[in-house]
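Source file start.pdb; content: PDB, C-alpha atoms.
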ATOM      1  CA  MET A 124      17.426 -61.315  23.791  1.00  0.00           C
ATOM      2  CA  SER A 125      17.016 -64.088  21.238  1.00  0.00           C
ATOM      3  CA  THR A 126      14.026 -64.127  18.976  1.00  0.00           C
ATOM      4  CA  THR A 127      11.882 -67.092  18.103  1.00  0.00           C
ATOM      5  CA  SER A 128      13.319 -67.176  14.590  1.00  0.00           C
ATOM      6  CA  SER A 129      16.862 -67.586  15.887  1.00  0.00           C
ATOM      7  CA  LEU A 130      15.876 -70.399  18.258  1.00  0.00           C
ATOM      8  CA  PHE A 131      13.140 -72.297  16.448  1.00  0.00           C
ATOM      9  CA  SER A 132      11.747 -72.285  12.947  1.00  0.00           C
ATOM     10  CA  PRO A 133       8.013 -71.654  12.501  1.00  0.00           C
ATOM     11  CA  PHE A 134       7.649 -75.369  11.722  1.00  0.00           C
ATOM     12  CA  LEU A 135       9.309 -76.475  14.956  1.00  0.00           C
ATOM     13  CA  THR A 136       7.365 -73.863  16.930  1.00  0.00           C
ATOM     14  CA  ALA A 137       4.058 -75.010  15.391  1.00  0.00           C
ATOM     15  CA  LEU A 138       4.945 -78.665  15.881  1.00  0.00           C
ATOM     16  CA  ILE A 139       5.880 -78.379  19.558  1.00  0.00           C
ATOM     17  CA  ALA A 140       3.037 -75.996  20.416  1.00  0.00           C
ATOM     18  CA  SER A 141       0.405 -77.972  18.527  1.00  0.00           C
ATOM     19  CA  VAL A 142       1.436 -81.398  19.796  1.00  0.00           C
ATOM     20  CA  THR A 143       1.672 -80.168  23.395  1.00  0.00           C
ATOM     21  CA  ILE A 144      -1.699 -78.451  23.395  1.00  0.00           C
ATOM     22  CA  LEU A 145      -3.392 -81.205  21.361  1.00  0.00           C
ATOM     23  CA  GLY A 146      -2.132 -83.876  23.746  1.00  0.00           C
ATOM     24  CA  ILE A 147      -3.362 -82.056  26.832  1.00  0.00           C
ATOM     25  CA  ILE A 148      -6.730 -81.171  25.291  1.00  0.00           C
ATOM     26  CA  LEU A 149      -7.416 -84.706  24.087  1.00  0.00           C
ATOM     27  CA  ALA A 150      -6.194 -86.281  27.324  1.00  0.00           C
ATOM     28  CA  THR A 151      -8.455 -84.087  29.433  1.00  0.00           C
ATOM     29  CA  ASP A 152     -11.534 -83.740  27.207  1.00  0.00           C
ATOM     30  CA  LEU A 153     -12.112 -87.037  25.389  1.00  0.00           C
ATOM     31  CA  GLY A 154     -14.717 -89.334  26.850  1.00  0.00           C
ATOM     32  CA  HIS A 155     -17.117 -88.655  29.701  1.00  0.00           C
ATOM     33  CA  ARG A 156     -15.208 -86.342  32.065  1.00  0.00           C
ATOM     34  CA  ARG A 157     -16.064 -84.305  35.112  1.00  0.00           C
ATOM     35  CA  LEU A 158     -15.731 -80.577  34.464  1.00  0.00           C
ATOM     36  CA  THR A 159     -13.422 -79.210  37.150  1.00  0.00           C
ATOM     37  CA  ASN A 160     -11.494 -75.993  37.530  1.00  0.00           C
ATOM     38  CA  MET A 161      -8.221 -77.924  37.400  1.00  0.00           C
ATOM     39  CA  ARG A 162      -9.218 -79.598  34.156  1.00  0.00           C
ATOM     40  CA  MET A 163      -9.812 -76.233  32.496  1.00  0.00           C
ATOM     41  CA  LEU A 164      -6.777 -74.651  34.129  1.00  0.00           C
ATOM     42  CA  ARG A 165      -4.456 -77.417  32.901  1.00  0.00           C
ATOM     43  CA  SER A 166      -4.941 -76.471  29.241  1.00  0.00           C
ATOM     44  CA  LEU A 167      -4.551 -72.766  30.010  1.00  0.00           C
ATOM     45  CA  ILE A 168      -1.285 -73.474  31.829  1.00  0.00           C
ATOM     46  CA  ALA A 169      -0.033 -75.459  28.830  1.00  0.00           C
ATOM     47  CA  VAL A 170      -0.714 -72.530  26.514  1.00  0.00           C
ATOM     48  CA  ALA A 171       0.952 -70.108  28.948  1.00  0.00           C
ATOM     49  CA  VAL A 172       4.063 -72.307  28.971  1.00  0.00           C
ATOM     50  CA  VAL A 173       4.064 -72.464  25.159  1.00  0.00           C
ATOM     51  CA  ILE A 174       3.820 -68.665  24.995  1.00  0.00           C
ATOM     52  CA  ALA A 175       6.658 -68.251  27.489  1.00  0.00           C
ATOM     53  CA  LEU A 176       8.837 -70.618  25.481  1.00  0.00           C
ATOM     54  CA  PHE A 177       8.105 -69.380  21.972  1.00  0.00           C
ATOM     55  CA  VAL A 178       6.966 -65.760  22.022  1.00  0.00           C
ATOM     56  CA  HIS A 179      10.043 -63.622  22.551  1.00  0.00           C
ATOM     57  CA  SER A 180       9.042 -60.605  20.535  1.00  0.00           C
ATOM     58  CA  LEU A 181       5.899 -58.925  19.319  1.00  0.00           C
ATOM     59  CA  PRO A 182       6.563 -57.669  15.803  1.00  0.00           C
ATOM     60  CA  THR A 183       4.580 -54.515  15.061  1.00  0.00           C
ATOM     61  CA  ALA A 184       5.927 -53.331  11.703  1.00  0.00           C
ATOM     62  CA  GLY A 185       3.747 -53.202   8.602  1.00  0.00           C
ATOM     63  CA  ASN A 186       0.862 -55.641   8.908  1.00  0.00           C
ATOM     64  CA  ASP A 187       2.417 -57.772  11.654  1.00  0.00           C
ATOM     65  CA  ILE A 188      -0.251 -56.923  14.220  1.00  0.00           C
ATOM     66  CA  SER A 189      -3.052 -57.601  11.731  1.00  0.00           C
ATOM     67  CA  MET A 190      -1.594 -61.034  10.966  1.00  0.00           C
ATOM     68  CA  GLN A 191      -1.322 -61.911  14.646  1.00  0.00           C
ATOM     69  CA  LEU A 192      -4.859 -60.645  15.287  1.00  0.00           C
ATOM     70  CA  ALA A 193      -6.103 -62.785  12.398  1.00  0.00           C
ATOM     71  CA  GLY A 194      -4.580 -65.808  14.155  1.00  0.00           C
ATOM     72  CA  ILE A 195      -6.403 -64.844  17.333  1.00  0.00           C
ATOM     73  CA  GLY A 196      -9.679 -64.439  15.450  1.00  0.00           C
ATOM     74  CA  ILE A 197      -9.368 -67.825  13.763  1.00  0.00           C
ATOM     75  CA  GLY A 198      -8.501 -69.358  17.128  1.00  0.00           C
ATOM     76  CA  VAL A 199     -11.588 -67.852  18.774  1.00  0.00           C
ATOM     77  CA  ILE A 200     -13.859 -69.179  16.031  1.00  0.00           C
ATOM     78  CA  CYS A 201     -12.306 -72.651  16.249  1.00  0.00           C
ATOM     79  CA  GLY A 202     -12.516 -72.593  20.053  1.00  0.00           C
ATOM     80  CA  LEU A 203     -16.216 -71.697  19.947  1.00  0.00           C
ATOM     81  CA  ILE A 204     -16.834 -74.567  17.537  1.00  0.00           C
ATOM     82  CA  ALA A 205     -14.818 -76.902  19.796  1.00  0.00           C
ATOM     83  CA  GLY A 206     -16.876 -75.827  22.803  1.00  0.00           C
ATOM     84  CA  ALA A 207     -20.082 -76.493  20.887  1.00  0.00           C
ATOM     85  CA  LEU A 208     -18.800 -79.995  20.064  1.00  0.00           C
ATOM     86  CA  LEU A 209     -18.308 -80.752  23.770  1.00  0.00           C
ATOM     87  CA  PRO A 210     -21.787 -81.361  25.235  1.00  0.00           C
ATOM     88  CA  ALA A 211     -22.208 -80.942  28.977  1.00  0.00           C
ATOM     89  CA  GLU A 212     -24.696 -82.486  31.397  1.00  0.00           C
ATOM     90  CA  ARG A 213     -25.456 -82.366  35.074  1.00  0.00           C
ATOM     91  CA  ALA A 214     -25.255 -85.670  36.943  1.00  0.00           C
ATOM     92  CA  ALA A 215     -27.628 -86.698  39.725  1.00  0.00           C
ATOM     93  CA  ASP A 216     -25.028 -85.701  42.323  1.00  0.00           C
ATOM     94  CA  GLY A 217     -24.849 -82.167  40.860  1.00  0.00           C
ATOM     95  CA  SER A 218     -21.477 -82.639  39.162  1.00  0.00           C
ATOM     96  CA  ILE A 219     -21.082 -81.340  35.624  1.00  0.00           C
ATOM     97  CA  TYR A 220     -19.696 -83.706  32.988  1.00  0.00           C
ATOM     98  CA  THR A 221     -18.704 -83.258  29.371  1.00  0.00           C
ATOM     99  CA  SER A 222     -18.581 -85.866  26.639  1.00  0.00           C
ATOM    100  CA  GLY A 223     -15.820 -85.394  24.115  1.00  0.00           C
ATOM    101  CA  GLY A 224     -16.278 -87.565  21.055  1.00  0.00           C
ATOM    102  CA  ILE A 225     -14.887 -88.118  17.602  1.00  0.00           C
ATOM    103  CA  GLY A 226     -16.088 -84.776  16.204  1.00  0.00           C
ATOM    104  CA  TYR A 227     -14.380 -82.879  19.005  1.00  0.00           C
ATOM    105  CA  ALA A 228     -11.152 -84.842  18.595  1.00  0.00           C
ATOM    106  CA  ALA A 229     -11.258 -84.481  14.807  1.00  0.00           C
ATOM    107  CA  LEU A 230     -11.565 -80.690  15.024  1.00  0.00           C
ATOM    108  CA  TRP A 231      -8.524 -80.383  17.290  1.00  0.00           C
ATOM    109  CA  ILE A 232      -6.514 -82.835  15.197  1.00  0.00           C
ATOM    110  CA  VAL A 233      -7.379 -81.107  11.905  1.00  0.00           C
ATOM    111  CA  ILE A 234      -6.583 -77.623  13.242  1.00  0.00           C
ATOM    112  CA  SER A 235      -3.316 -78.751  14.867  1.00  0.00           C
ATOM    113  CA  THR A 236      -2.235 -80.699  11.794  1.00  0.00           C
ATOM    114  CA  SER A 237      -3.085 -77.759   9.535  1.00  0.00           C
ATOM    115  CA  ARG A 238      -0.871 -75.403  11.554  1.00  0.00           C
ATOM    116  CA  VAL A 239       2.016 -77.850  11.439  1.00  0.00           C
ATOM    117  CA  LEU A 240       1.606 -78.570   7.709  1.00  0.00           C
ATOM    118  CA  PHE A 241       1.428 -74.870   6.873  1.00  0.00           C
ATOM    119  CA  ALA A 242       4.570 -74.194   8.890  1.00  0.00           C
ATOM    120  CA  TYR A 243       6.365 -77.141   7.275  1.00  0.00           C
ATOM    121  CA  GLY A 244       5.207 -76.078   3.837  1.00  0.00           C
ATOM    122  CA  SER A 245       6.375 -72.516   4.410  1.00  0.00           C
ATOM    123  CA  GLU A 246       9.894 -73.843   4.940  1.00  0.00           C
ATOM    124  CA  HIS A 247       9.982 -76.686   2.413  1.00  0.00           C
ATOM    125  CA  TRP A 248       7.216 -76.511  -0.216  1.00  0.00           C
ATOM    126  CA  PHE A 249       6.358 -72.878  -0.768  1.00  0.00           C
ATOM    127  CA  SER A 250       9.102 -70.883   0.953  1.00  0.00           C
ATOM    128  CA  GLN A 251       9.442 -68.490  -1.995  1.00  0.00           C
ATOM    129  CA  GLY A 252       5.684 -67.911  -1.899  1.00  0.00           C
ATOM    130  CA  ILE A 253       5.854 -67.039   1.802  1.00  0.00           C
ATOM    131  CA  ILE A 254       8.697 -64.614   1.144  1.00  0.00           C
ATOM    132  CA  THR A 255       6.717 -62.952  -1.640  1.00  0.00           C
ATOM    133  CA  PHE A 256       3.563 -62.881   0.517  1.00  0.00           C
ATOM    134  CA  SER A 257       5.527 -61.373   3.417  1.00  0.00           C
ATOM    135  CA  ILE A 258       6.975 -58.653   1.207  1.00  0.00           C
ATOM    136  CA  ASP A 259       3.672 -57.918  -0.539  1.00  0.00           C
ATOM    137  CA  TYR A 260       1.762 -57.677   2.747  1.00  0.00           C
ATOM    138  CA  GLU A 261       4.553 -56.050   4.773  1.00  0.00           C
ATOM    139  CA  LEU A 262       5.128 -58.874   7.256  1.00  0.00           C
ATOM    140  CA  SER A 263       8.474 -58.685   8.998  1.00  0.00           C
ATOM    141  CA  GLY A 264       9.489 -62.340   9.214  1.00  0.00           C
ATOM    142  CA  GLN A 265       9.311 -65.668  10.971  1.00  0.00           C
ATOM    143  CA  ASP A 266       8.343 -64.294  14.380  1.00  0.00           C
ATOM    144  CA  VAL A 267       5.057 -63.012  12.929  1.00  0.00           C
ATOM    145  CA  TYR A 268       4.142 -66.482  11.669  1.00  0.00           C
ATOM    146  CA  ALA A 269       5.312 -68.253  14.832  1.00  0.00           C
ATOM    147  CA  ASN A 270       3.372 -65.821  17.037  1.00  0.00           C
ATOM    148  CA  THR A 271       0.279 -66.185  14.858  1.00  0.00           C
ATOM    149  CA  PHE A 272       0.315 -69.959  15.404  1.00  0.00           C
ATOM    150  CA  VAL A 273       0.845 -69.633  19.156  1.00  0.00           C
ATOM    151  CA  PHE A 274      -1.788 -66.895  19.554  1.00  0.00           C
ATOM    152  CA  MET A 275      -4.234 -68.965  17.521  1.00  0.00           C
ATOM    153  CA  SER A 276      -3.698 -71.875  19.931  1.00  0.00           C
ATOM    154  CA  LEU A 277      -4.168 -69.617  22.947  1.00  0.00           C
ATOM    155  CA  ALA A 278      -7.358 -68.099  21.549  1.00  0.00           C
ATOM    156  CA  MET A 279      -8.765 -71.526  20.711  1.00  0.00           C
ATOM    157  CA  VAL A 280      -8.150 -72.821  24.235  1.00  0.00           C
ATOM    158  CA  LEU A 281      -9.478 -69.630  25.847  1.00  0.00           C
ATOM    159  CA  ALA A 282     -12.657 -69.643  23.739  1.00  0.00           C
ATOM    160  CA  ARG A 283     -13.252 -73.338  24.451  1.00  0.00           C
ATOM    161  CA  THR A 284     -12.708 -72.682  28.171  1.00  0.00           C
ATOM    162  CA  GLY A 285     -15.148 -69.772  28.052  1.00  0.00           C
ATOM    163  CA  VAL A 286     -17.790 -72.000  26.463  1.00  0.00           C
ATOM    164  CA  LEU A 287     -17.215 -74.655  29.138  1.00  0.00           C
ATOM    165  CA  LEU A 288     -17.499 -72.085  31.938  1.00  0.00           C
ATOM    166  CA  SER A 289     -20.761 -70.836  30.435  1.00  0.00           C
ATOM    167  CA  LYS A 290     -22.142 -74.369  30.137  1.00  0.00           C
ATOM    168  CA  ARG A 291     -21.148 -75.142  33.716  1.00  0.00           C
ATOM    169  CA  ARG A 292     -22.767 -71.973  35.033  1.00  0.00           C
ATOM    170  CA  ASN A 293     -25.995 -72.640  33.091  1.00  0.00           C
ATOM    171  CA  LEU A 294     -26.184 -76.258  34.248  1.00  0.00           C
ATOM    172  CA  ALA A 295     -25.404 -75.326  37.847  1.00  0.00           C
ATOM    173  CA  ARG A 296     -28.357 -72.903  37.850  1.00  0.00           C
ATOM    174  CA  ALA A 297     -30.743 -75.505  36.463  1.00  0.00           C
TER
END

What does the file become when written as structure tokens?
Amino acid sequence: MSTTSSLFSPFLTALIASVTILGIILATDLGHRRLTNMRMLRSLIAVAVVIALFVHSLPTAGNDISMQLAGIGIGVICGLIAGALLPAERAADGSIYTSGGIGYAALWIVISTSRVLFAYGSEHWFSQGIITFSIDYELSGQDVYANTFVFMSLAMVLARTGVLLSKRRNLARA
């Protein structure tokens, strides 16, 4: 079985994953939008496809798991912030709507761009630093970094979806 590192560099993985997820999130969440199951499911499906395409191994040597868990943790925090930046309201007909504005879009754009720039930099600007960091902290290679980016994206989308489900449930009760 091929690994992510033999198919795609961390930069290409981060670029494709980030652009795909960013596009779907912004297309479905910006503006005044009805909160439907399909709307939330669409972003989860996108992340599942990204995982299927880019996660071909789960490195567990040294501190690989810790690095990947750190990506998940950062993703959860960012997803909770994203959910907080997406206010929800109940319309007169009982439908739940969200209003995604500039702050919400800016968060997703900054996080996505940061992942891509870090991945690009790790290959072109500070590759020796990444090698040294990987050796010093016992990280086994490119798959760890690629997985960390993908898991961060997944966690961000899942946390944001959890916040939206909570808002919908609270508004539906009111």

Excluding segment 228-238 of chain A and any residue of its chain fewer than 6 positions from it, enumerate the residues within 9 Å of it, using only C-alpha atoms, and give them as a PDB file with C-alpha atoms, keeping the file's coordinate frame.
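This went into part-v6.pdb:
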ATOM      1  CA  PHE A 134       7.649 -75.369  11.722  1.00  0.00           C
ATOM      2  CA  ALA A 137       4.058 -75.010  15.391  1.00  0.00           C
ATOM      3  CA  LEU A 138       4.945 -78.665  15.881  1.00  0.00           C
ATOM      4  CA  ALA A 140       3.037 -75.996  20.416  1.00  0.00           C
ATOM      5  CA  SER A 141       0.405 -77.972  18.527  1.00  0.00           C
ATOM      6  CA  VAL A 142       1.436 -81.398  19.796  1.00  0.00           C
ATOM      7  CA  ILE A 144      -1.699 -78.451  23.395  1.00  0.00           C
ATOM      8  CA  LEU A 145      -3.392 -81.205  21.361  1.00  0.00           C
ATOM      9  CA  ILE A 148      -6.730 -81.171  25.291  1.00  0.00           C
ATOM     10  CA  LEU A 149      -7.416 -84.706  24.087  1.00  0.00           C
ATOM     11  CA  ASP A 152     -11.534 -83.740  27.207  1.00  0.00           C
ATOM     12  CA  LEU A 153     -12.112 -87.037  25.389  1.00  0.00           C
ATOM     13  CA  CYS A 201     -12.306 -72.651  16.249  1.00  0.00           C
ATOM     14  CA  ILE A 204     -16.834 -74.567  17.537  1.00  0.00           C
ATOM     15  CA  ALA A 205     -14.818 -76.902  19.796  1.00  0.00           C
ATOM     16  CA  LEU A 208     -18.800 -79.995  20.064  1.00  0.00           C
ATOM     17  CA  PHE A 272       0.315 -69.959  15.404  1.00  0.00           C
ATOM     18  CA  SER A 276      -3.698 -71.875  19.931  1.00  0.00           C
TER      19      SER A 276
END

For the PyMOL selection byres ((chain A and resi 199) around 10), applied here, can you spell out every residue it catches as a list in words? Ala193, Gly194, Ile195, Gly196, Ile197, Gly198, Ile200, Cys201, Gly202, Leu203, Ile204, Ala205, Phe274, Met275, Ser276, Leu277, Ala278, Met279, Val280, Leu281, Ala282 and Arg283 of chain A

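Minimum distance to Ile219 of chain A across A:Thr255, A:Asn160, A:Ser180, A:Thr284 (counting only C-alpha atoms) occurs at A:Asn160.
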
Which one is closest to Tyr260 of chain A: A:Ala169, A:Ala184, A:Gly154, A:Thr143? Count all atoms listed in the file. A:Ala184

What does the distance from atom CA of Leu287 of chain A to atom CA of Pro210 of chain A come to in Å, to one decimal? 9.0 Å

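Closest to Ala242 of chain A among A:Asn293, A:Thr151, A:Thr159, A:Gln265 is A:Gln265, based on all atoms listed in the file.
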
Surrounding residues of Ser218 of chain A excluding itself and chain neighbours under 2 positions, 10 Å, only C-alpha atoms, as a PyMOL selection string: chain A and resi 157-159+212-216+220+291+294-295

Give me the residues near Leu181 of chain A as a PDB file with C-alpha atoms, in the coordinates of the input, where near means some atom within 10 Å (using only C-alpha atoms) and where sequence neighbours in that chain fewer than 6 positions away do not count.
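Final output, result-v4.pdb:
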ATOM      1  CA  THR A 126      14.026 -64.127  18.976  1.00  0.00           C
ATOM      2  CA  ASP A 187       2.417 -57.772  11.654  1.00  0.00           C
ATOM      3  CA  ILE A 188      -0.251 -56.923  14.220  1.00  0.00           C
ATOM      4  CA  GLN A 191      -1.322 -61.911  14.646  1.00  0.00           C
ATOM      5  CA  ASP A 266       8.343 -64.294  14.380  1.00  0.00           C
ATOM      6  CA  VAL A 267       5.057 -63.012  12.929  1.00  0.00           C
ATOM      7  CA  ASN A 270       3.372 -65.821  17.037  1.00  0.00           C
TER       8      ASN A 270
END
